[in-house]
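Undergrad: Contents are compact mmCIF, C-alpha atoms; file name start25.txt:
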```txt
# COMPACT_ATOMS: atom_id res chain seq x y z
CA MET A 1 92.36 131.09 161.42
CA SER A 2 92.54 131.32 165.21
CA SER A 3 94.81 129.05 167.17
CA GLU A 4 94.71 127.38 170.57
CA ASN A 5 98.32 128.46 171.09
CA LYS A 6 98.56 131.32 173.62
CA GLU A 7 102.32 131.67 173.65
CA GLY A 8 103.06 132.18 169.98
CA TYR A 9 105.74 130.42 168.00
CA LEU A 10 108.81 132.63 168.45
CA ARG A 11 111.53 131.98 170.99
CA GLY A 12 112.45 134.71 173.45
CA VAL A 13 109.21 136.71 173.14
CA ASP A 14 107.28 137.39 176.35
CA TYR A 15 103.69 137.16 175.11
CA GLY A 16 102.38 138.18 178.51
CA ASP A 17 104.19 141.51 178.49
CA PRO A 18 101.62 144.36 178.33
CA VAL A 19 103.58 146.20 175.60
CA VAL A 20 103.78 143.04 173.46
CA ARG A 21 100.07 142.37 173.95
CA TYR A 22 99.24 145.98 173.05
CA ARG A 23 101.35 145.77 169.90
CA GLY A 24 99.64 142.56 168.83
CA GLY A 25 96.20 144.07 169.36
CA LYS A 26 97.10 147.21 167.45
CA ILE A 27 98.49 145.28 164.47
CA LYS A 28 95.38 143.09 164.40
CA ARG A 29 93.12 146.16 164.39
CA LEU A 30 95.12 147.74 161.56
CA ALA A 31 95.01 144.50 159.57
CA GLU A 32 91.23 144.41 159.94
CA LEU A 33 91.04 148.05 158.88
CA PHE A 34 93.10 147.36 155.75
CA ALA A 35 91.16 144.16 154.99
CA GLY A 36 87.81 145.86 155.54
CA ARG A 37 86.45 143.13 157.83
CA LYS A 38 87.09 141.10 160.98
CA LEU A 39 89.93 138.58 160.77
CA ASP A 40 89.99 135.27 162.59
CA ILE A 41 93.55 135.58 163.90
CA SER A 42 95.03 135.60 167.39
CA ASN A 43 96.97 138.45 169.00
CA GLU A 44 99.91 136.09 169.42
CA PHE A 45 99.98 135.41 165.69
CA ALA A 46 100.00 139.18 164.99
CA VAL A 47 102.92 139.53 167.41
CA ASP A 48 104.81 136.73 165.67
CA ILE A 49 104.37 138.31 162.24
CA PHE A 50 105.58 141.68 163.56
CA TYR A 51 108.73 140.23 165.11
CA LEU A 52 109.52 138.20 162.00
CA PHE A 53 109.77 141.51 160.14
CA TYR A 54 111.38 143.44 163.01
CA LEU A 55 113.99 141.17 164.63
CA PRO A 56 117.37 140.62 162.95
CA VAL A 57 117.32 136.86 163.62
CA PRO A 58 113.87 135.66 164.78
CA LEU A 59 113.88 132.02 165.94
CA LEU A 60 110.83 129.84 165.28
CA ARG A 61 110.03 126.99 167.64
CA GLU A 62 110.54 123.68 165.92
CA ASP A 63 107.86 121.90 167.96
CA ASP A 64 104.58 122.74 166.23
CA PRO A 65 102.00 121.38 168.70
CA GLY A 66 99.04 121.28 166.36
CA GLY A 67 100.33 121.60 162.84
CA GLY A 68 98.04 124.63 162.57
CA GLU A 69 97.80 127.05 159.68
CA GLU A 70 99.36 129.89 161.72
CA TYR A 71 102.58 127.95 162.13
CA ARG A 72 102.60 127.03 158.44
CA VAL A 73 102.25 130.70 157.53
CA LEU A 74 105.15 131.68 159.79
CA ARG A 75 107.32 128.90 158.37
CA ALA A 76 106.41 129.80 154.76
CA LEU A 77 107.12 133.47 155.43
CA LYS A 78 110.48 132.84 157.08
CA ASP A 79 111.56 130.43 154.33
CA SER A 80 110.39 132.63 151.44
CA PRO A 81 113.21 133.62 149.03
CA ASN A 82 111.64 137.10 148.82
CA PHE A 83 111.45 137.61 152.58
CA PRO A 84 115.07 138.87 152.99
CA ILE A 85 114.42 141.56 150.38
CA VAL A 86 111.40 142.86 152.27
CA LYS A 87 113.08 142.44 155.65
CA SER A 88 115.98 144.66 154.57
CA ARG A 89 113.47 147.55 154.69
CA THR A 90 111.78 146.59 157.96
CA ILE A 91 114.52 145.33 160.28
CA MET A 92 114.69 147.21 163.60
CA ASP A 93 112.14 149.79 162.39
CA SER A 94 109.01 149.41 164.50
CA PHE A 95 106.91 151.79 162.37
CA ILE A 96 107.69 150.09 159.04
CA SER A 97 107.48 146.62 160.65
CA SER A 98 104.03 147.42 162.03
CA ILE A 99 102.80 148.43 158.57
CA ALA A 100 104.41 145.38 156.97
CA ALA A 101 102.81 143.04 159.52
CA SER A 102 99.39 144.69 159.22
CA VAL A 103 99.41 144.64 155.42
CA PHE A 104 100.62 141.03 155.39
CA LEU A 105 97.86 139.89 157.76
CA SER A 106 95.22 141.73 155.72
CA GLU A 107 96.45 139.98 152.57
CA VAL A 108 96.63 136.42 153.97
CA LYS A 109 92.92 136.42 154.82
CA LEU A 110 92.51 133.89 151.99
CA LEU A 111 94.22 131.38 154.26
CA GLU A 112 90.95 131.07 156.15
CA GLU A 113 89.50 129.41 153.06
CA VAL A 114 92.49 127.05 152.94
CA ALA A 115 91.99 126.18 156.59
CA GLY A 116 88.29 125.54 155.99
CA LYS A 117 88.98 123.20 153.08
CA SER A 118 91.58 121.29 155.09
CA LYS A 119 88.94 120.36 157.67
CA VAL A 120 87.06 118.35 155.04
CA GLY A 121 89.71 115.69 155.50
CA SER A 122 90.72 115.31 151.87
CA GLU A 123 94.07 113.61 151.66
CA GLN A 124 94.87 115.50 148.45
CA MET A 125 94.12 118.81 150.17
CA ASN A 126 96.52 117.96 153.00
CA VAL A 127 99.22 117.21 150.45
CA ASN A 128 98.66 120.49 148.58
CA GLU A 129 97.95 122.70 151.58
CA ASN A 130 101.55 123.77 152.22
CA THR A 131 101.93 124.67 148.54
CA GLU A 132 98.76 126.79 148.70
CA VAL A 133 99.97 128.50 151.87
CA SER A 134 103.32 129.34 150.23
CA ARG A 135 101.54 130.75 147.17
CA ILE A 136 99.36 133.06 149.28
CA VAL A 137 102.33 134.12 151.42
CA GLU A 138 104.34 135.05 148.29
CA LYS A 139 101.43 137.06 146.93
CA ALA A 140 101.04 138.89 150.24
CA LEU A 141 104.79 139.61 150.37
CA THR A 142 104.60 141.23 146.94
CA THR A 143 101.94 143.65 148.18
CA VAL A 144 103.91 144.32 151.38
CA ASN A 145 107.07 145.09 149.42
CA ILE A 146 105.32 147.64 147.18
CA ASP A 147 103.54 149.31 150.10
CA ILE A 148 106.53 149.67 152.42
CA GLU A 149 108.74 151.00 149.63
CA ASN A 150 106.34 153.92 149.19
CA VAL A 151 105.76 154.23 152.94
CA LYS A 152 109.50 154.63 153.53
CA LYS A 153 109.60 157.41 150.92
CA LEU A 154 106.71 159.15 152.63
CA LYS A 155 108.37 158.71 156.01
CA SER A 156 111.56 160.34 154.75
CA ILE A 157 109.54 163.33 153.50
CA VAL A 158 107.72 163.68 156.82
CA GLU A 159 111.09 163.58 158.59
CA GLY A 160 112.62 166.05 156.17
CA LEU A 161 114.86 163.34 154.61
CA GLU A 162 116.92 163.32 157.78
CA PRO A 163 115.34 161.38 160.70
CA GLY A 164 114.48 163.65 163.60
CA SER A 165 115.06 166.90 161.68
CA ALA A 166 111.40 167.75 161.24
CA SER A 167 109.68 166.58 164.38
CA GLN A 168 110.14 164.60 167.54
CA LEU A 169 106.61 163.28 167.30
CA SER A 170 105.93 159.69 166.31
CA LEU A 171 104.07 158.60 163.20
CA ASP A 172 102.58 155.62 165.01
CA GLU A 173 99.17 157.27 165.31
CA ASP A 174 99.06 158.01 161.58
CA VAL A 175 99.75 154.50 160.24
CA ALA A 176 96.43 154.19 158.38
CA GLU A 177 96.78 157.64 156.80
CA VAL A 178 100.37 156.93 155.73
CA LEU A 179 99.37 153.67 154.01
CA LYS A 180 96.39 155.35 152.36
CA LEU A 181 98.69 157.98 150.87
CA ALA A 182 101.30 155.38 149.90
CA ARG A 183 98.64 153.62 147.81
CA ASN A 184 97.37 156.82 146.19
CA ILE A 185 98.21 156.85 142.46
CA ASP A 186 99.00 160.57 142.36
CA VAL A 187 101.21 160.32 145.45
CA LYS A 188 103.04 157.39 143.85
CA ARG A 189 103.77 159.53 140.79
CA ILE A 190 105.15 162.34 142.94
CA LEU A 191 107.29 159.89 144.94
CA GLU A 192 108.64 158.41 141.71
CA MET A 193 109.73 161.90 140.63
CA LEU A 194 111.48 162.32 144.00
CA LYS A 195 113.19 158.92 143.82
CA GLY A 196 116.89 159.13 144.64
CA LEU A 197 116.76 162.63 146.13
CA LYS A 198 119.39 162.81 148.89
CA PRO A 199 119.64 165.36 151.74
CA TRP A 200 123.22 166.27 150.87
CA GLU A 201 122.09 167.29 147.39
CA LEU A 202 120.05 170.11 148.89
CA SER A 203 122.87 172.61 149.24
CA VAL A 204 122.30 175.51 151.58
CA GLU A 205 123.88 178.95 151.31
CA LYS A 206 122.98 180.96 154.37
CA LYS A 207 122.97 184.73 154.22
CA LYS A 208 125.66 186.43 156.29
CA ARG A 209 126.13 190.03 157.36
CA ARG A 210 128.98 191.83 159.06
CA PHE A 211 128.62 192.08 162.84
CA LYS A 212 131.43 192.91 165.27
CA HIS A 213 130.25 190.36 167.81
CA GLY A 214 129.83 187.57 165.27
CA GLU A 215 132.08 184.66 164.29
CA ILE A 216 135.54 185.18 162.82
CA ALA A 217 135.40 184.84 159.04
CA GLY A 218 138.80 186.30 158.08
CA TYR A 219 140.91 189.43 158.40
CA GLU A 220 140.66 193.03 157.24
CA TYR A 221 142.17 196.45 157.90
CA GLY A 222 140.55 199.21 159.99
CA ARG A 223 140.62 200.77 163.45
CA ASP A 224 137.80 199.06 165.34
CA LEU A 225 139.56 198.26 168.62
CA GLU A 226 136.93 195.66 169.58
CA ARG A 227 138.06 193.45 166.69
CA ILE A 228 141.78 194.10 166.89
CA VAL A 229 144.15 191.17 166.30
CA PRO A 230 146.43 190.74 169.40
CA SER A 231 149.62 190.95 167.30
CA ASN A 232 148.93 194.68 166.88
CA LEU A 233 149.59 195.21 170.59
CA ILE A 234 153.30 194.46 170.31
CA LEU A 235 153.80 197.23 167.76
CA PRO A 236 155.76 200.32 168.90
CA SER A 237 153.44 203.14 170.00
CA GLU A 238 154.36 205.36 167.04
CA VAL A 239 153.60 202.60 164.53
CA PHE A 240 150.39 201.59 166.31
CA TYR A 241 148.92 205.11 166.36
CA THR A 242 150.01 205.80 162.80
CA ARG A 243 148.19 202.66 161.58
CA PHE A 244 145.21 203.56 163.75
CA ALA A 245 145.00 207.01 162.14
CA GLN A 246 145.35 205.45 158.67
CA ARG A 247 142.80 202.69 159.41
CA LYS A 248 145.42 200.03 158.77
CA LEU A 249 145.31 197.99 161.96
CA LEU A 250 144.82 194.27 161.36
CA LEU A 251 141.31 193.34 162.50
CA TYR A 252 139.21 190.19 162.65
CA GLU A 253 136.44 190.18 160.06
CA LYS A 254 133.33 188.97 161.88
CA VAL A 255 129.97 187.93 160.47
CA VAL A 256 126.70 186.53 161.75
CA GLU A 257 124.27 184.25 159.89
CA GLU A 258 120.90 185.78 159.14
CA SER A 259 117.74 183.75 159.46
CA LEU A 260 116.11 183.14 156.10
CA GLY A 261 112.60 184.34 155.41
CA PRO A 262 109.69 182.07 154.47
CA MET A 263 109.51 180.13 151.24
CA TYR A 264 106.25 180.83 149.40
CA VAL A 265 105.44 178.53 146.47
CA LEU A 266 102.85 179.47 143.84
CA LEU A 267 102.00 176.39 141.78
CA ASP A 268 100.06 176.73 138.52
CA LYS A 269 97.22 174.17 138.24
CA SER A 270 95.65 175.49 135.04
CA GLY A 271 94.54 173.22 132.21
CA SER A 272 97.79 173.66 130.30
CA MET A 273 99.65 172.20 133.31
CA ASP A 274 97.62 169.00 133.47
CA GLY A 275 99.55 165.73 133.33
CA VAL A 276 103.29 165.40 133.85
CA LYS A 277 103.81 169.17 134.24
CA ILE A 278 101.73 169.48 137.40
CA THR A 279 103.11 166.21 138.79
CA TRP A 280 106.65 167.49 138.30
CA GLY A 281 105.64 170.84 139.79
CA LYS A 282 104.26 169.09 142.88
CA ALA A 283 107.50 167.12 143.25
CA VAL A 284 109.47 170.38 143.02
CA ALA A 285 107.22 171.90 145.70
CA ILE A 286 107.95 168.93 147.99
CA SER A 287 111.68 169.32 147.29
CA LEU A 288 111.46 172.99 148.25
CA TYR A 289 109.59 172.03 151.41
CA LEU A 290 112.44 169.64 152.30
CA LYS A 291 114.92 172.46 151.80
CA ALA A 292 112.77 174.76 153.94
CA VAL A 293 112.94 172.15 156.71
CA LYS A 294 116.71 171.92 156.40
CA THR A 295 117.13 175.72 156.53
CA HIS A 296 114.52 176.18 159.29
CA ARG A 297 112.23 178.29 157.13
CA GLU A 298 108.47 178.49 157.12
CA PHE A 299 106.87 176.95 154.03
CA TYR A 300 103.78 178.20 152.21
CA LEU A 301 102.00 176.70 149.22
CA ARG A 302 99.18 178.14 147.13
CA PHE A 303 97.75 176.61 143.96
CA PHE A 304 96.24 178.90 141.37
CA ASP A 305 94.56 178.90 137.97
CA SER A 306 92.32 181.82 137.07
CA GLN A 307 92.01 182.40 140.80
CA PRO A 308 94.20 181.68 143.86
CA TYR A 309 93.27 178.74 146.11
CA PRO A 310 93.60 178.47 149.92
CA LEU A 311 97.05 179.01 151.41
CA TYR A 312 98.69 176.01 153.10
CA ARG A 313 101.32 176.70 155.77
CA ILE A 314 103.89 174.55 157.58
CA GLY A 315 105.93 176.20 160.34
CA ARG A 316 109.65 175.99 161.05
CA ILE A 317 109.06 172.86 163.13
CA SER A 318 106.68 170.66 161.19
CA LYS A 319 104.36 168.02 162.60
CA PRO A 320 103.84 164.66 160.84
CA ASN A 321 100.10 165.16 160.42
CA GLU A 322 100.70 168.59 158.80
CA VAL A 323 102.96 167.07 156.18
CA LEU A 324 100.57 164.18 155.56
CA LYS A 325 97.70 166.64 155.06
CA LEU A 326 99.86 168.63 152.65
CA LEU A 327 100.59 165.52 150.58
CA ASP A 328 96.93 164.52 150.61
CA TYR A 329 95.90 168.01 149.53
CA MET A 330 98.47 168.08 146.72
CA ALA A 331 97.38 164.66 145.45
CA ARG A 332 93.76 165.82 145.18
CA VAL A 333 94.57 168.90 143.08
CA LYS A 334 94.18 168.31 139.33
CA GLY A 335 95.16 170.47 136.40
CA ALA A 336 92.18 172.46 135.09
CA GLY A 337 90.94 176.01 134.54
CA GLY A 338 92.34 179.20 133.09
CA THR A 339 95.43 181.14 134.22
CA ASP A 340 95.91 184.45 136.02
CA ILE A 341 99.55 184.66 137.10
CA SER A 342 99.37 188.37 137.95
CA ARG A 343 96.51 187.80 140.39
CA ALA A 344 98.39 184.93 142.04
CA ILE A 345 101.57 186.97 142.58
CA ILE A 346 99.64 189.97 143.87
CA THR A 347 97.75 187.70 146.27
CA ALA A 348 101.07 186.40 147.60
CA CYS A 349 102.30 189.96 148.04
CA THR A 350 99.08 190.82 149.88
CA ASP A 351 99.66 187.91 152.26
CA ILE A 352 103.11 189.29 152.99
CA ARG A 353 102.03 192.91 153.26
CA THR A 354 99.10 192.21 155.60
CA GLY A 355 101.20 190.22 158.02
CA SER A 356 100.04 186.71 157.15
CA ILE A 357 103.68 186.00 156.29
CA ALA A 358 106.91 187.61 157.43
CA ARG A 359 108.45 190.17 155.11
CA GLU A 360 111.39 189.50 152.77
CA SER A 361 109.93 186.25 151.48
CA ASP A 362 111.03 184.34 148.42
CA ILE A 363 108.06 183.79 146.10
CA ILE A 364 108.72 180.78 143.89
CA LEU A 365 106.38 180.70 140.90
CA ILE A 366 106.10 177.33 139.11
CA THR A 367 104.25 177.69 135.81
CA ASP A 368 104.36 177.09 132.08
CA GLY A 369 103.80 180.83 131.63
CA VAL A 370 100.75 180.72 129.36
CA ASP A 371 99.37 184.13 130.34
CA ARG A 372 99.82 187.88 129.89
CA ILE A 373 101.34 189.59 132.90
CA ALA A 374 100.35 193.00 134.31
CA GLU A 375 104.05 193.79 134.60
CA ASN A 376 103.89 197.23 136.24
CA MET A 377 101.28 196.19 138.80
CA VAL A 378 103.19 193.03 139.78
CA ARG A 379 106.51 194.89 139.95
CA TYR A 380 104.92 197.51 142.23
CA ASN A 381 103.57 194.89 144.63
CA LEU A 382 106.87 193.00 144.78
CA LYS A 383 108.76 196.20 145.55
CA LYS A 384 106.27 197.26 148.20
CA THR A 385 106.77 194.01 150.13
CA ASP A 386 110.55 193.60 149.52
CA SER A 387 109.82 190.19 148.03
CA ARG A 388 111.92 188.37 145.46
CA LEU A 389 110.14 186.58 142.61
CA ILE A 390 111.86 183.40 141.47
CA THR A 391 110.20 182.02 138.35
CA VAL A 392 110.45 178.37 137.33
CA MET A 393 109.31 178.22 133.72
CA ILE A 394 108.20 174.72 132.68
CA MET A 395 108.77 174.10 128.98
CA GLY A 396 107.85 177.62 128.00
CA ASP A 397 108.88 181.27 128.10
CA ASN A 398 107.34 184.55 129.21
CA GLU A 399 109.19 187.79 128.57
CA ASN A 400 107.16 189.77 131.13
CA LEU A 401 108.00 187.28 133.87
CA ARG A 402 111.63 187.33 132.83
CA ASN A 403 111.65 191.13 133.23
CA ILE A 404 110.21 191.19 136.75
CA SER A 405 111.86 188.06 138.20
CA TYR A 406 114.81 188.21 140.58
CA LYS A 407 115.77 184.83 139.10
CA TYR A 408 114.34 183.16 136.01
CA LEU A 409 114.91 179.48 135.39
CA LYS A 410 113.76 177.64 132.27
CA ILE A 411 113.16 173.90 132.54
CA GLU A 412 112.97 171.98 129.28
CA LYS A 413 113.22 168.45 130.67
CA LEU A 414 111.04 167.36 133.57
CA ASP A 415 113.44 165.06 135.40
CA LYS A 416 115.41 164.89 138.65
CA ALA A 417 118.25 166.98 137.21
CA GLY A 418 115.81 169.80 136.45
CA MET A 419 114.32 169.49 139.91
CA LEU A 420 117.75 169.83 141.54
CA ARG A 421 118.45 172.92 139.42
CA VAL A 422 115.37 174.55 140.92
CA VAL A 423 116.25 173.53 144.48
CA GLU A 424 119.86 174.73 144.07
CA PHE A 425 118.52 177.98 142.62
CA ASN A 426 116.62 178.85 145.80
```
Can you turn what I pasted into structure tokens?

TA:
Amino acid sequence: MSSENKEGYLRGVDYGDPVVRYRGGKIKRLAELFAGRKLDISNEFAVDIFYLFYLPVPLLREDDPGGGEEYRVLRALKDSPNFPIVKSRTIMDSFISSIAASVFLSEVKLLEEVAGKSKVGSEQMNVNENTEVSRIVEKALTTVNIDIENVKKLKSIVEGLEPGSASQLSLDEDVAEVLKLARNIDVKRILEMLKGLKPWELSVEKKKRRFKHGEIAGYEYGRDLERIVPSNLILPSEVFYTRFAQRKLLLYEKVVEESLGPMYVLLDKSGSMDGVKITWGKAVAISLYLKAVKTHREFYLRFFDSQPYPLYRIGRISKPNEVLKLLDYMARVKGAGGTDISRAIITACTDIRTGSIARESDIILITDGVDRIAENMVRYNLKKTDSRLITVMIMGDNENLRNISYKYLKIEKLDKAGMLRVVEFN
């Protein structure tokens, strides 16, 4: 579907600019990667498709020199009734626009067949060709719309729901991996569970402790002269010293915020968790990761059944590829096997005790509780590491876990409201 045109069909675009040429080449390569074969399209055409998605008001040239199929595609795309819906998600977003353009080009490969048939010279084909082009464009737009909706959800997770909060690095080098994840069935299920989650819903209560050089939080009585309220200085000497002796001078109450320890999630993947339970548990784990980002905490995740699986860590400042690998890893884990909750908790405590993780961690256990707990042994290990066990019980109950948990939360309905209860709890 190559064209003789070397300038493209959009007004105001400098097709000779090195950055524009690079963008066109990159989008073409991605389109070929998604299509699984070489595509007979020009760089200029790839640039045009990108800017149709990206620019607020792209202007097509009205003088089509050759009546070629590339121009007909651009015209059909711009005139499509569904195009504004898709464009509302891509406008002025180079990352999303690049994915949209690449997916669109990989989907309109069928136009090559249309172009080949048109060369036969059939008058009927020429009459129907624009209709066929519009049909293929609409079909491609449907795929683009589905893909970029999931890509935007993934992007918000990688950015910690708030752009720029997780990393200053660009996702541009991970376009193929992002689209692969966006099309993964298990990832789609997790994203559907997370649908509608907003950053302001993740409330944060930071720990505070008294510190005389901290911020003013109120007033109190005492005799610490470093925190004395200036109004005390106008008191008569007798009154001042009497109040000093009685610890009744008006002082500033000062506090300082303490940094929160790591968030360590233990997620049950046993056979009894298979299905919606483990999908909901994964969505909760992602929600907790988002809160860890917002509170600048390290995040740890370990799956377990009858044995613990490898520990996955994301630092206080996450990198896009780390989060993408976490999502890929979570999507590949299926519910199967027996259950040993005691072993999982003790393993987490061992990680903390041996220095793999900072002390004073919150261990969040997500399980349906189908197991007998070695209560004394688990309690001993938690105490030895100063760790708090927060149990999220999915549609079940376990008296032993209730006894040893710092917090115990029962979830009977696996929905967004239940997920927010867990996030607010931690």

Undergrad: Please compute the atom CA of A:Tyr9-atom CA of A:Asn145 distance, one decimal, in Å.

TA: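 These atoms are spaced 23.7 Å apart.
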
Undergrad: Kindly indicate which residue among A:Ile146, A:Leu389, A:Leu311, A:Ala348 lies nearest to A:Ala182, using all atoms listed in the file for the distances.

TA: A:Ile146

Undergrad: Suppose you want the space between atom CA of A:Glu399 and atom CA of A:Asp371; what is it in Å?

TA: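 Atom CA of A:Asp371 lies at a distance of 10.6 Å from atom CA of A:Glu399.
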
Undergrad: Here is a test: counting all atoms listed in the file, which residue of A:Asn376, A:Ser231, A:Pro56, A:Gly214 is nearest to A:Pro84?

TA: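 Among A:Asn376, A:Ser231, A:Pro56, A:Gly214, it is A:Pro56 that comes nearest to A:Pro84.
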
Undergrad: I'd like to know which of A:Lys248, A:Leu154, A:Val422, A:Met395 is closest to A:Val187, using all atoms listed in the file.

TA: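 Looking only at the distances to A:Val187, the closest residue turns out to be A:Leu154.
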
Undergrad: I need the residue nearest A:Glu322 from this list: A:Ile366, A:Ile390, A:Val19, A:Ile157. Use all atoms listed in the file for the distance.

TA: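 Looking only at the distances to A:Glu322, the closest residue turns out to be A:Ile157.
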
Undergrad: Determine, counting all atoms listed in the file, which protein, DNA and RNA residues have an atom within 8 Å of an atom of A:Leu191; residues of the same chain fewer than 5 positions away are not included. Present the result as a VMD selection string.

TA: chain A and resid 150 153 to 154 283

Undergrad: Using Å and a single decimal, report how far atom CA of A:Leu409 sits from atom CA of A:Gln307.

TA: 23.7 Å

Undergrad: Find the residue from A:Arg223, A:Arg353, A:Arg37, A:Lys269 that sits nearest to A:Gly338; use only C-alpha atoms when measuring.

TA: A:Lys269

Undergrad: Need the shell around A:Ile286: protein/DNA/RNA residues with any atom at most 10 Å away, counting only C-alpha atoms. Skip same-chain ones fewer than 6 positions apart. Format as a PyMOL selection string?

TA: chain A and resi 157+160+190-191+194+280+292+301+323+326-327+330

Undergrad: Using only C-alpha atoms, which residue out of A:Leu181, A:Met273, A:Val137, A:Ile96 lies closest to A:Asp79?

TA: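 The answer is A:Val137, which sits nearest to A:Asp79.
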
Undergrad: Might you pull out every residue within 7 Å of A:Ile373, with all atoms listed in the file counted and same-chain residues fewer than 6 positions away left off, and present them as a list in words?

TA: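 The residues satisfying every condition are Ile341, Ser342 and Asn400 of chain A.
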
Undergrad: Would you pick out the contacts of A:Arg379 at 12 Å or less, using all atoms listed in the file, so that residues sharing its chain but fewer than 4 positions from it are not included, and give the list as a ChimeraX atom specification?

TA: /A:342,345-346,349,373-375,383-389,400-406
